[in-house]
Every structure is written in structure tokens, then in C-alpha cells.
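Asks: The structure that follows is given in the form of C-alpha cells.
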Amino acid sequence: MWQWLYKLGSPKWFYDLGNRSLPWLWGVTLFLLIIGVIWGLAFAPPDYQMGDNYRIIYMHVPAAGLMKGCFYMMALCSAAVLIWKVKMADIVAKAIAPIGTMATLLMLASGSLWGIPTWGTWWIWDARLTSSLLQFFIYMGIIVLRSAFDSQDTAARACAVLTLVGVVNIPIIEYSVEWWNTLHQGASSLGMRDTSANPPEIWIPAFFTGFGFIGLFFIGLILRSQNEILWRERRTQWVRDIVTDTVDHGAADA
Amino acid sequence: MTEPAALGLGGVMRATIRRELLLAMRSPGDVINPLMFFILAVVLFPLGGGVEDAFLSTIASGVIWVTALLAVMLSMDSLFRADYEDGNLEQLLMSPQPLYFLVLAKVFSHWLMACLPIIVLAPVLALMLQMPASGITALMVSLLLGTPVLCLIGGIGMALTVGLSRSGLLLAVLILPLYVPVLIFGAGVVDAAINNMAYSGLLALMGAILALAISLSPLAIVAALRISVN
């Protein structure tokens with residue numbers, strides 16, 4: 001276990017692991033997504049209240065899961081950066097940030113599209129919506145902060161501090177927004193909490209797309225981390241070897 | 001010349017606060033500018049939005065809180081900027097005293113200079129915005145509990161960006177999302193008081209956030225300062 005973690009800290013090892021796992025990941029992810037999307041969009045029965053509108057949850061709920069999951073993973077990486085100064089942890093944290101941002105954006109956009117026919121409005125200042133919007137701003141803040149520094153090492157540690165501060169703040173934001181909302185108007189029962197009320201034909205496809213999204217997340221994470229590794233390790237021999245190999249193959253093909 | 005007497009922790013904190021206040025007396029802009037910004041920005045709302053009493057009294061709590069929040073955020077620049085530029089910050093980081101308390105003393109003196117005047121003046125502006133008298137006490141208490149949190153969170157943002165030459169807008173992007181809970185509870189306290197509802201629970205929550213901020217954010221500020229100063 002510890003040795004495995006230790007190896008994960010080595011950029012070259014991570015790069016190779018990525019290369020080895022990518023074909024598998026692609027296969028499993030596409031399988032899950034294709035099944036989930038076709039089942040969810042074509043075969044799952046329409047909801048007795050919302051009709052076909054509800055089908056956007058097959059994208060919306062997985063995106064919401066990624067929004068949270070990405071942030072927790074970034075927080076773990078940030079702790080590793082600050083405590084153990086793990087180089088790889090910063091590469092991963094940097095790779096995750098845009099993925100989490102996009103997931104949040106996707107979740108907000110799909111939620112709005114769902115809201116137009118269902119609630120009659122694409123935006124309300126509901127607790128869930130507002131805290132997601134703030135989550136989006138926190139992601140953006142971390143990305144913007146990283147781009148503001150010239151020194152890679154300073155940027156890594158500054159972003160790690162900001163991410164950890166964000167983690168402390170997220171439960172506070174969640175609760176404040178919830179209480180703020182209930183202070184002004186009655187809590188709307190808009191959530192999807194009561195999945196038990198839905199038949200399994202409706203929620204099983206959501207599992208497929210959900211795990212498919214997790215697969216997509218890991219693919220994005222590996223690809224982005226690999227690019228970052230190649231850039232940061234560009235002066236090392238093994239990266240030069242990879243680059244010259246690719247160039248040679250390219251020349252041979254042409 | 002006698003050896004400087006060894007100062008205890010309390011002595012060092014007192015000395016830090018004394019130094020900050022002295023510096024502020026010598027360049028009063030750091031005290032006056034946030035206050036002037038606060039007044040001017042509040043005055044813009046009736047001018048831009050309309051002067052009907054009903055309208056003003058609905059937005060009064062929000063306007064005062066948002067404007068105070070922005071004034072505190074804009075004032076943060078003076079917390080570390082000058083010290084960073086003249087090298088005092090490095091001296092601070094090398095000091096044998098626990099940085100946690102030194103930073104806390106600095107933030108506290110910043111709060112005294114930038115926030116206390118705003119809190120004192122807030123009731124006047126609230127009355128100009130036709131806020132019902134029942135909200136005034138709640139407004140002051142909520143500002144009293146909320147603005148130190150704003151200073152502490154702003155201190156984290158400032159410590160992270162003090163090494164960058166132009167950090168004004170960046171600071172806003174970093175810390176405004178983190179300011180939201182304070183704003184929600186602060187304005188919520190005032191609204192509850194105006195509507196004759198119990199607000200002691202909300203005040204307790206603000207107090208809890210303040211306690212959390214006092215205990216945790218100096219740690220983040222110290223970590224961020226070490227990163228920025230290298």
C-alpha cells in the first residue's frame with residue numbers, strides 16, 4: 001500500500017500507469033455511457049409528472065457528483081502538497097480544477113434547462129442552486145490564482161492553501177445558504193431525494209451514466225496530468241526519449 | 001544603551017497593535033478611505049435605485065452589509081502591502097514569537113482602523129436609508145461580529161496575493177465567495193430584527209463563525225505569508 005502510494009508520487013510511474021490504464025478506462029467508460037444514455041433516453045419510462053423532462057438527470061446528477069468529488073480530491077492533493085511536498089499531487093490538483101469547474105458548469109446548465117419546463121424558470125435563488133454557483137466561483141478562484149504566479153512552486157502551495165480554506169468554507173456556505181433561503185421563503189421540495197419513489201427502470205440507467213462520468217473524470221485527469229508531467233519533466237531523459245520516439249514514428253509513417 | 005527588555009507574548013502583541021495604530025495615525029488615509037468608500041457607495045443606491053421610503057427600507061440591510069463588506073475587502077490591501085514592500089514582513093516572519101499571535105494582532109489592529117469607524121457610522125446611513133429603528137441595534141451587533149471575520153478571511157486572500165504586483169481584482173475573485181456566509185447571516189440578523197423575529201440564534205451562528213475564523217485563519221495567513229515571502 002505505502003509503496004504503491006510512494007510510486008504514485010513519481011511522475012514517470014504515473015505517466016506509464018496512465019498509458020497502461022487508458023485503453024481499459026476508455027472501454028469501460030464508453031460501455032457504461034452508451035448503455036446508460038440509450039437506456040435512459042430511449043427505454044426508461046417517462047415520469048408520470050414530468051414526462052420526458054426528467055431525463056436530463058442522467059447527466060445532471062453525475063455532474064453534481066463530480067462537482068463535489070473533484071473538490072474533495074483536490075483538497076486531498078493540496079494537503080499532500082503542503083505536508084509532504086509531493087510533486088505529483090500538485091500536478092493532479094492542477095489537472096482536476098478545470099474538470100471540476102466544467103462539471104459544475106454542466107450541472108448548472110443542465111439544471112437550468114430542466115428548470116424551464118419544470119419550474120417555469122431557469123434560475124431561482126434556491127439553496128442548492130446558489131451554493132453550486134458559489135462552488136463554481138471557488139473553482140474559478142483557484143484556477144485564477146494559479147495563473148497569477150510565475151513560479152510553479154509558489155503557485156502550487158498558494159493554490160493548496162486556498163483549496164483547503166475553501167474546504168472549510170464549503171459546509172458553512174451550504175448551511176448558510178440553506179438557512180438564508182428558508183428564512184425568506186418556504187423550503188421548496190425540489191430535490192431528488194425521494195429516489196425510492198421512482199421505479200428501478202428510472203434509476204438504474206443513472207448508475208450507468210454516473211459511473212460513466214467517473215470514468216470520464218479519470219480519463220480527463222490522466223490525460224491532463226500526462227500533459228503536465230511531460231511539460232514539467234521536459235528536461236529529463238525519459239521525456240526526451242518519448243518525444244524522439246514519437247517524432248521517429250511520425251517520420252516513418254510519412 | 002540598555003538591552004531591550006524581553007517582551008512576553010502579551011507585550012509583543014501590544015507592541016504590534018501600538019505600531020499599527022501609530023502608523024495609521026501618521027498616514028490617516030488607510031482609516032479614512034474605507035470609511036469614505038462606505039459612505040459614498042451607500043449614497044449611490046438611493047441615487048441610482050429610487051428614493052421611495054418603502055423601496056429603501058427593503059434594501060437597507062442588504063445595501064449596508066454589502067457595502068461594508070466591499071469596503072473591508074478594499075481596505076485589506078493596507079494589511080500587508082506596505083510591510084511587504086519595505087521588508088518588515090520578512091522581519092515578522094523571522095521573529096521568535098509565535099506568528100499566529102502576531103498575525104492576529106495585526107488583523108485586530110486593521111479591524112480597529114478599517115472596520116470600527118464603519119460600524120460606528122452604519123446606524124446613520126441606515127437611518128438615511130429609512131431602516132426601521134428596530135433594526136439598528138441588530139445591524140451594529142451583526143457588523144461587530146461579522147467584520148472581524150471579513151478581516152480574517154481577507155487576510156488570507158491578501159497574504160496569498162501580496163507578492164503579486166496587481167492583486168486588487170484577483171483578491172476580490174478569491175475572497176468574495178468566502179464572504180457569502182457572513183453576508184447572509186449578517187443581513188439575515190438585521191432582517192429578522194426588523195420583522196420582529198428572534199435573531200439570537202443567527203447571532204450565535206455568527207459568533208461561532210467568528211470563533212472558527214479566529215482559531216483557523218491565522219494559521220492559513222501564516223502559511224500563505226511564508227509562501228508569498230519565500
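So you can find residues: chains in the C-alpha cells are A, B, ... in the order shown, residues in each start at 1, and ligands are numbered from 1 in order.
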Quick one: residues within 9 Å of Leu106 in chain A, only C-alpha atoms, excluding same-chain residues fewer than 6 positions away - as an mmCIF file with N, CA and C atoms, in the first residue's frame?
Replies:
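part-v3.cif was written with the following content:
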data_model
loop_
_atom_site.group_PDB
_atom_site.id
_atom_site.type_symbol
_atom_site.label_atom_id
_atom_site.label_comp_id
_atom_site.auth_asym_id
_atom_site.auth_seq_id
_atom_site.Cartn_x
_atom_site.Cartn_y
_atom_site.Cartn_z
ATOM 1 N N MET A 59 -27.609 13.162 -16.799
ATOM 2 C CA MET A 59 -26.397 13.938 -16.948
ATOM 3 C C MET A 59 -26.204 14.831 -15.726
ATOM 4 N N HIS A 60 -27.314 15.327 -15.225
ATOM 5 C CA HIS A 60 -27.268 16.347 -14.174
ATOM 6 C C HIS A 60 -26.715 15.773 -12.870
ATOM 7 N N ALA A 63 -23.000 14.908 -12.961
ATOM 8 C CA ALA A 63 -22.206 16.140 -12.958
ATOM 9 C C ALA A 63 -22.138 16.716 -11.550
ATOM 10 N N ALA A 64 -23.266 16.647 -10.834
ATOM 11 C CA ALA A 64 -23.278 17.160 -9.464
ATOM 12 C C ALA A 64 -22.330 16.357 -8.585
#
Asks: Return as a short mmCIF file (atom, residue, chain, number, x, y, z; two decimals) with N, CA and C atoms, in the first residue's frame the residues belonging to chain B that are within 10 Å of chain A, counting only C-alpha atoms.
Replies:
data_model
loop_
_atom_site.label_atom_id
_atom_site.label_comp_id
_atom_site.auth_asym_id
_atom_site.auth_seq_id
_atom_site.Cartn_x
_atom_site.Cartn_y
_atom_site.Cartn_z
N ILE B 153 -10.67 36.54 6.87
CA ILE B 153 -10.69 35.85 5.57
C ILE B 153 -9.95 36.69 4.52
N ILE B 156 -6.32 36.19 4.62
CA ILE B 156 -5.81 35.01 3.90
C ILE B 156 -5.59 35.36 2.43
N GLY B 157 -6.62 35.98 1.83
CA GLY B 157 -6.51 36.35 0.42
C GLY B 157 -5.35 37.31 0.20
N ALA B 159 -2.66 37.71 2.08
CA ALA B 159 -1.38 37.05 2.28
C ALA B 159 -1.00 36.22 1.07
N LEU B 160 -2.00 35.64 0.40
CA LEU B 160 -1.71 34.83 -0.79
C LEU B 160 -1.26 35.69 -1.95
N THR B 161 -1.79 36.92 -2.05
CA THR B 161 -1.55 37.72 -3.24
C THR B 161 -0.60 38.88 -3.01
N GLY B 163 2.51 39.10 -2.84
CA GLY B 163 3.71 39.10 -3.68
C GLY B 163 3.43 39.49 -5.12
N LEU B 164 2.17 39.58 -5.50
CA LEU B 164 1.83 39.91 -6.88
C LEU B 164 1.65 41.42 -6.99
N SER B 165 2.05 41.96 -8.14
CA SER B 165 2.05 43.42 -8.24
C SER B 165 0.62 43.97 -8.31
N ARG B 166 -0.24 43.38 -9.12
CA ARG B 166 -1.61 43.90 -9.20
C ARG B 166 -2.55 42.82 -8.71
N SER B 167 -3.03 43.01 -7.48
CA SER B 167 -3.80 41.92 -6.89
C SER B 167 -5.23 42.33 -6.56
N LEU B 170 -7.95 40.25 -8.35
CA LEU B 170 -7.71 38.85 -8.00
C LEU B 170 -8.20 38.58 -6.58
N LEU B 171 -7.89 39.53 -5.68
CA LEU B 171 -8.32 39.38 -4.29
C LEU B 171 -9.84 39.25 -4.22
N ALA B 172 -10.54 40.08 -5.01
CA ALA B 172 -12.00 40.02 -5.00
C ALA B 172 -12.49 38.65 -5.45
N VAL B 173 -11.88 38.12 -6.51
CA VAL B 173 -12.32 36.83 -7.03
C VAL B 173 -12.07 35.73 -6.00
N LEU B 174 -10.97 35.86 -5.26
CA LEU B 174 -10.63 34.81 -4.30
C LEU B 174 -11.54 34.84 -3.08
N ILE B 175 -11.80 36.03 -2.53
CA ILE B 175 -12.42 36.03 -1.21
C ILE B 175 -13.91 36.33 -1.21
N LEU B 176 -14.44 36.93 -2.27
CA LEU B 176 -15.89 37.22 -2.23
C LEU B 176 -16.74 35.96 -2.04
N PRO B 177 -16.41 34.84 -2.73
CA PRO B 177 -17.23 33.64 -2.46
C PRO B 177 -17.15 33.21 -1.00
N LEU B 178 -15.99 33.45 -0.37
CA LEU B 178 -15.84 33.02 1.02
C LEU B 178 -16.56 33.98 1.97
N TYR B 179 -16.87 35.20 1.49
CA TYR B 179 -17.56 36.18 2.32
C TYR B 179 -19.06 35.90 2.42
N VAL B 180 -19.56 35.07 1.52
CA VAL B 180 -21.02 34.92 1.41
C VAL B 180 -21.71 34.54 2.73
N PRO B 181 -21.19 33.53 3.46
CA PRO B 181 -21.92 33.17 4.70
C PRO B 181 -22.05 34.35 5.66
N VAL B 182 -20.98 35.13 5.81
CA VAL B 182 -21.05 36.27 6.73
C VAL B 182 -22.12 37.25 6.27
N LEU B 183 -22.16 37.48 4.96
CA LEU B 183 -23.16 38.40 4.43
C LEU B 183 -24.57 37.88 4.69
N ILE B 184 -24.77 36.60 4.42
CA ILE B 184 -26.11 36.02 4.57
C ILE B 184 -26.58 36.11 6.02
N PHE B 185 -25.71 35.70 6.94
CA PHE B 185 -26.11 35.75 8.35
C PHE B 185 -26.25 37.19 8.83
N ALA B 187 -26.89 40.09 7.15
CA ALA B 187 -28.10 40.74 6.67
C ALA B 187 -29.34 40.04 7.22
N GLY B 188 -29.22 38.71 7.43
CA GLY B 188 -30.34 37.96 7.99
C GLY B 188 -30.70 38.42 9.39
N ASP B 191 -32.62 41.70 9.06
CA ASP B 191 -33.98 41.49 8.55
C ASP B 191 -34.88 40.87 9.61
N ALA B 192 -34.30 39.91 10.35
CA ALA B 192 -35.11 39.28 11.39
C ALA B 192 -35.51 40.29 12.45
N LEU B 202 -29.21 33.34 15.05
CA LEU B 202 -28.32 33.76 13.97
C LEU B 202 -27.06 34.42 14.52
N LEU B 205 -24.73 31.85 15.63
CA LEU B 205 -24.00 31.27 14.50
C LEU B 205 -22.87 32.17 14.04
N ILE B 209 -18.95 31.33 13.82
CA ILE B 209 -18.08 31.55 12.65
C ILE B 209 -16.89 32.40 13.04
N LEU B 212 -14.44 30.28 14.89
CA LEU B 212 -13.75 29.42 13.93
C LEU B 212 -12.70 30.21 13.15
N LEU B 216 -8.73 29.47 13.14
CA LEU B 216 -8.13 28.81 11.98
C LEU B 216 -7.44 29.77 11.01
N SER B 217 -8.05 30.95 10.76
CA SER B 217 -7.50 31.72 9.64
C SER B 217 -6.09 32.26 9.91
N ALA B 220 -3.82 29.86 8.32
CA ALA B 220 -3.77 29.97 6.86
C ALA B 220 -3.00 31.21 6.45
N ILE B 221 -3.18 32.32 7.20
CA ILE B 221 -2.47 33.55 6.85
C ILE B 221 -0.97 33.33 6.98
N ALA B 223 0.70 30.51 6.83
CA ALA B 223 1.17 29.62 5.76
C ALA B 223 1.28 30.40 4.46
N ALA B 224 0.27 31.23 4.17
CA ALA B 224 0.27 31.98 2.92
C ALA B 224 1.39 33.01 2.89
N LEU B 225 1.65 33.65 4.05
CA LEU B 225 2.73 34.65 4.09
C LEU B 225 4.08 33.99 3.83
N ARG B 226 4.29 32.80 4.41
CA ARG B 226 5.54 32.10 4.17
C ARG B 226 5.72 31.78 2.70
N ILE B 227 4.59 31.45 2.03
CA ILE B 227 4.67 31.14 0.61
C ILE B 227 5.00 32.41 -0.18
N SER B 228 4.32 33.51 0.17
CA SER B 228 4.48 34.75 -0.60
C SER B 228 5.86 35.36 -0.41
N VAL B 229 6.38 35.27 0.80
CA VAL B 229 7.66 35.94 1.07
C VAL B 229 8.83 35.05 0.70
N ASN B 230 8.64 33.75 0.76
CA ASN B 230 9.72 32.81 0.44
C ASN B 230 10.95 33.02 1.31
#
Asks: Neighbouring residues of range 113-117 of chain B were defined as those with any atom within 9 Å, considering only C-alpha atoms; residues of the same chain fewer than 4 positions away were excluded. Please report them as a list in words.
Replies: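 The residues that qualify are Leu21, Ala24, Asp30, Val31, Ile32, Asn33, Pro34, Leu35, Ala68, Ala71, Val72, Ser75, Met76, Phe108, Ser109, Leu121, Ala122, Leu143, Leu144, Thr147, Pro148 and Cys151 of chain B.
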Asks: For Gly100 in chain A, which residue among A:Gln152, A:Ser78, A:Thr118, A:Ser132 is the nearest when counting only C-alpha atoms?
Replies: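 Ranked by minimum distance to Gly100 in chain A, first place goes to A:Ser132.
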Asks: For Leu102 in chain B, which residue among B:Ala198, B:Leu219, B:Met13, B:Val190 is the nearest when counting only C-alpha atoms?
Replies: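 Once distances to Leu102 in chain B are computed over only C-alpha atoms, the minimum belongs to B:Met13.
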Asks: Nearest to Glu233 in chain A among A:Ile91, A:Met107, A:Ile204, A:Ala97, with distances taken over only C-alpha atoms: which residue is it?
Replies: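 Smallest distance to Glu233 in chain A is found for A:Ile91.
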Asks: Go through A:Ile83, A:Ile242, A:Val247, A:Val92 and flag the residue nearest Leu8 in chain A, using only C-alpha atoms for the distances.
Replies: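 Nearest candidate to Leu8 in chain A out of A:Ile83, A:Ile242, A:Val247, A:Val92: A:Val92.
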Asks: What's the 9 Å shell around Met74 in chain A, counting only C-alpha atoms, without same-chain residues fewer than 2 positions away, as a list in words?
Replies: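 Returned residues: Gly69, Cys70, Phe71, Tyr72, Leu76, Cys77, Ser78, Ala79, Ala89, Asp90, Val92, Ala93, Lys94, Ile96, Ala97, Ala160, Thr163 and Leu164 of chain A.
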Asks: Atoms to include: C-alpha atoms. Write the selected residues as a short mmCIF file (atom, residue, chain, number, x, y, z; two decimals), in the first residue's frame.
Replies:
data_model
loop_
_atom_site.label_atom_id
_atom_site.label_comp_id
_atom_site.auth_asym_id
_atom_site.auth_seq_id
_atom_site.Cartn_x
_atom_site.Cartn_y
_atom_site.Cartn_z
CA GLY A 69 -15.88 14.71 -5.73
CA CYS A 70 -13.40 16.82 -7.69
CA PHE A 71 -13.16 19.29 -4.87
CA TYR A 72 -12.54 16.68 -2.20
CA LEU A 76 -6.52 15.70 -0.53
CA CYS A 77 -3.91 16.60 -3.15
CA SER A 78 -3.49 20.05 -1.61
CA ALA A 79 -2.83 18.51 1.79
CA ALA A 89 -0.15 15.84 -6.00
CA ASP A 90 0.12 19.35 -7.40
CA VAL A 92 -3.16 16.15 -10.17
CA ALA A 93 -4.71 19.11 -8.31
CA LYS A 94 -3.96 21.34 -11.28
CA ILE A 96 -8.65 18.37 -11.64
CA ALA A 97 -9.54 22.06 -11.23
CA ALA A 160 -3.14 24.35 -1.93
CA THR A 163 -8.21 24.94 -1.67
CA LEU A 164 -8.02 23.92 1.98
#
Asks: With DSSP run on the backbone, what are the alpha helix (DSSP H) residues within range 64-131 of chain B? I'd like them as a PyMOL selection string.
Replies: chain B and resi 64-75+77-86+88-94+99-110+116-128
Asks: Which residue is closest to Asp47 in chain A? Choose from A:Phe217, A:Ile202, A:Leu66, A:Phe207 and count only C-alpha atoms.
Replies: A:Ile202
Asks: Which residues, written as a ChimeraX atom specification, have at least one atom at most 10 Å from Glu228 in chain A, with only C-alpha atoms counted and residues fewer than 3 positions away on the same chain left out?
Replies: /A:11,15,88,91-92,94-95,222-225,231-234
Asks: Output N, CA and C atoms for every residue in the selection just made, as an mmCIF file, in the first residue's frame.
Replies:
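The resulting file, selection_20.cif, is shown below:
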data_model
loop_
_atom_site.group_PDB
_atom_site.id
_atom_site.type_symbol
_atom_site.label_atom_id
_atom_site.label_comp_id
_atom_site.auth_asym_id
_atom_site.auth_seq_id
_atom_site.Cartn_x
_atom_site.Cartn_y
_atom_site.Cartn_z
ATOM 1 N N PRO A 11 6.426 11.018 -11.129
ATOM 2 C CA PRO A 11 5.768 11.397 -12.380
ATOM 3 C C PRO A 11 5.900 10.344 -13.474
ATOM 4 N N TYR A 15 2.877 8.464 -15.291
ATOM 5 C CA TYR A 15 2.694 8.582 -16.747
ATOM 6 C C TYR A 15 2.493 7.209 -17.371
ATOM 7 N N MET A 88 3.681 15.167 -7.603
ATOM 8 C CA MET A 88 2.559 14.621 -8.382
ATOM 9 C C MET A 88 1.219 15.170 -7.885
ATOM 10 N N ILE A 91 0.399 18.290 -9.561
ATOM 11 C CA ILE A 91 0.028 18.064 -10.960
ATOM 12 C C ILE A 91 -1.423 17.598 -11.039
ATOM 13 N N VAL A 92 -1.791 16.667 -10.158
ATOM 14 C CA VAL A 92 -3.163 16.152 -10.171
ATOM 15 C C VAL A 92 -4.144 17.256 -9.788
ATOM 16 N N LYS A 94 -3.842 20.410 -10.163
ATOM 17 C CA LYS A 94 -3.964 21.341 -11.280
ATOM 18 C C LYS A 94 -4.836 20.742 -12.382
ATOM 19 N N ALA A 95 -4.690 19.430 -12.585
ATOM 20 C CA ALA A 95 -5.456 18.778 -13.649
ATOM 21 C C ALA A 95 -6.940 18.711 -13.303
ATOM 22 N N ILE A 222 -6.189 11.765 -16.185
ATOM 23 C CA ILE A 222 -4.939 11.143 -16.642
ATOM 24 C C ILE A 222 -4.367 11.923 -17.822
ATOM 25 N N LEU A 223 -5.218 12.272 -18.786
ATOM 26 C CA LEU A 223 -4.705 12.974 -19.965
ATOM 27 C C LEU A 223 -4.095 14.314 -19.579
ATOM 28 N N ARG A 224 -4.815 15.052 -18.744
ATOM 29 C CA ARG A 224 -4.308 16.374 -18.363
ATOM 30 C C ARG A 224 -3.037 16.250 -17.525
ATOM 31 N N SER A 225 -3.017 15.260 -16.614
ATOM 32 C CA SER A 225 -1.819 15.083 -15.791
ATOM 33 C C SER A 225 -0.637 14.679 -16.657
ATOM 34 N N TRP A 231 5.357 18.342 -19.658
ATOM 35 C CA TRP A 231 5.855 19.710 -19.687
ATOM 36 C C TRP A 231 6.837 19.947 -18.554
ATOM 37 N N ARG A 232 6.474 19.497 -17.340
ATOM 38 C CA ARG A 232 7.336 19.786 -16.192
ATOM 39 C C ARG A 232 8.634 18.987 -16.236
ATOM 40 N N GLU A 233 8.546 17.772 -16.801
ATOM 41 C CA GLU A 233 9.733 16.908 -16.819
ATOM 42 C C GLU A 233 10.435 16.987 -18.169
ATOM 43 N N ARG A 234 10.208 18.105 -18.902
ATOM 44 C CA ARG A 234 10.691 18.129 -20.277
ATOM 45 C C ARG A 234 12.202 18.058 -20.375
#
Asks: Here is a test: counting only C-alpha atoms, which residue of B:Val162, B:Ala193, B:Val51, B:Leu40 is nearest to Asp83 in chain B?
Replies: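 Ranking B:Val162, B:Ala193, B:Val51, B:Leu40 by distance to Asp83 in chain B, first place goes to B:Val162.
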Asks: Please list as a ChimeraX atom specification every residue within 8 Å of Val103 in chain B, counting only C-alpha atoms and excluding residues in the same chain fewer than 2 positions away.
Replies: /B:99-101,105-107,218,221-222
Asks: Which residues are near range 135-142 of chain B? Cut-off 7 Å, only C-alpha atoms, ignore same chain within fewer than 4 positions. Put them as a PyMOL selection string.
Replies: chain B and resi 119+123+131+146+186+189-190+193-194+203
Asks: Between CA of Leu127 in chain B and CA of Met36 in chain B, what is the distance, to one decimal in Å?
Replies: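 That distance, rounded to one decimal, is 17.4 Å.
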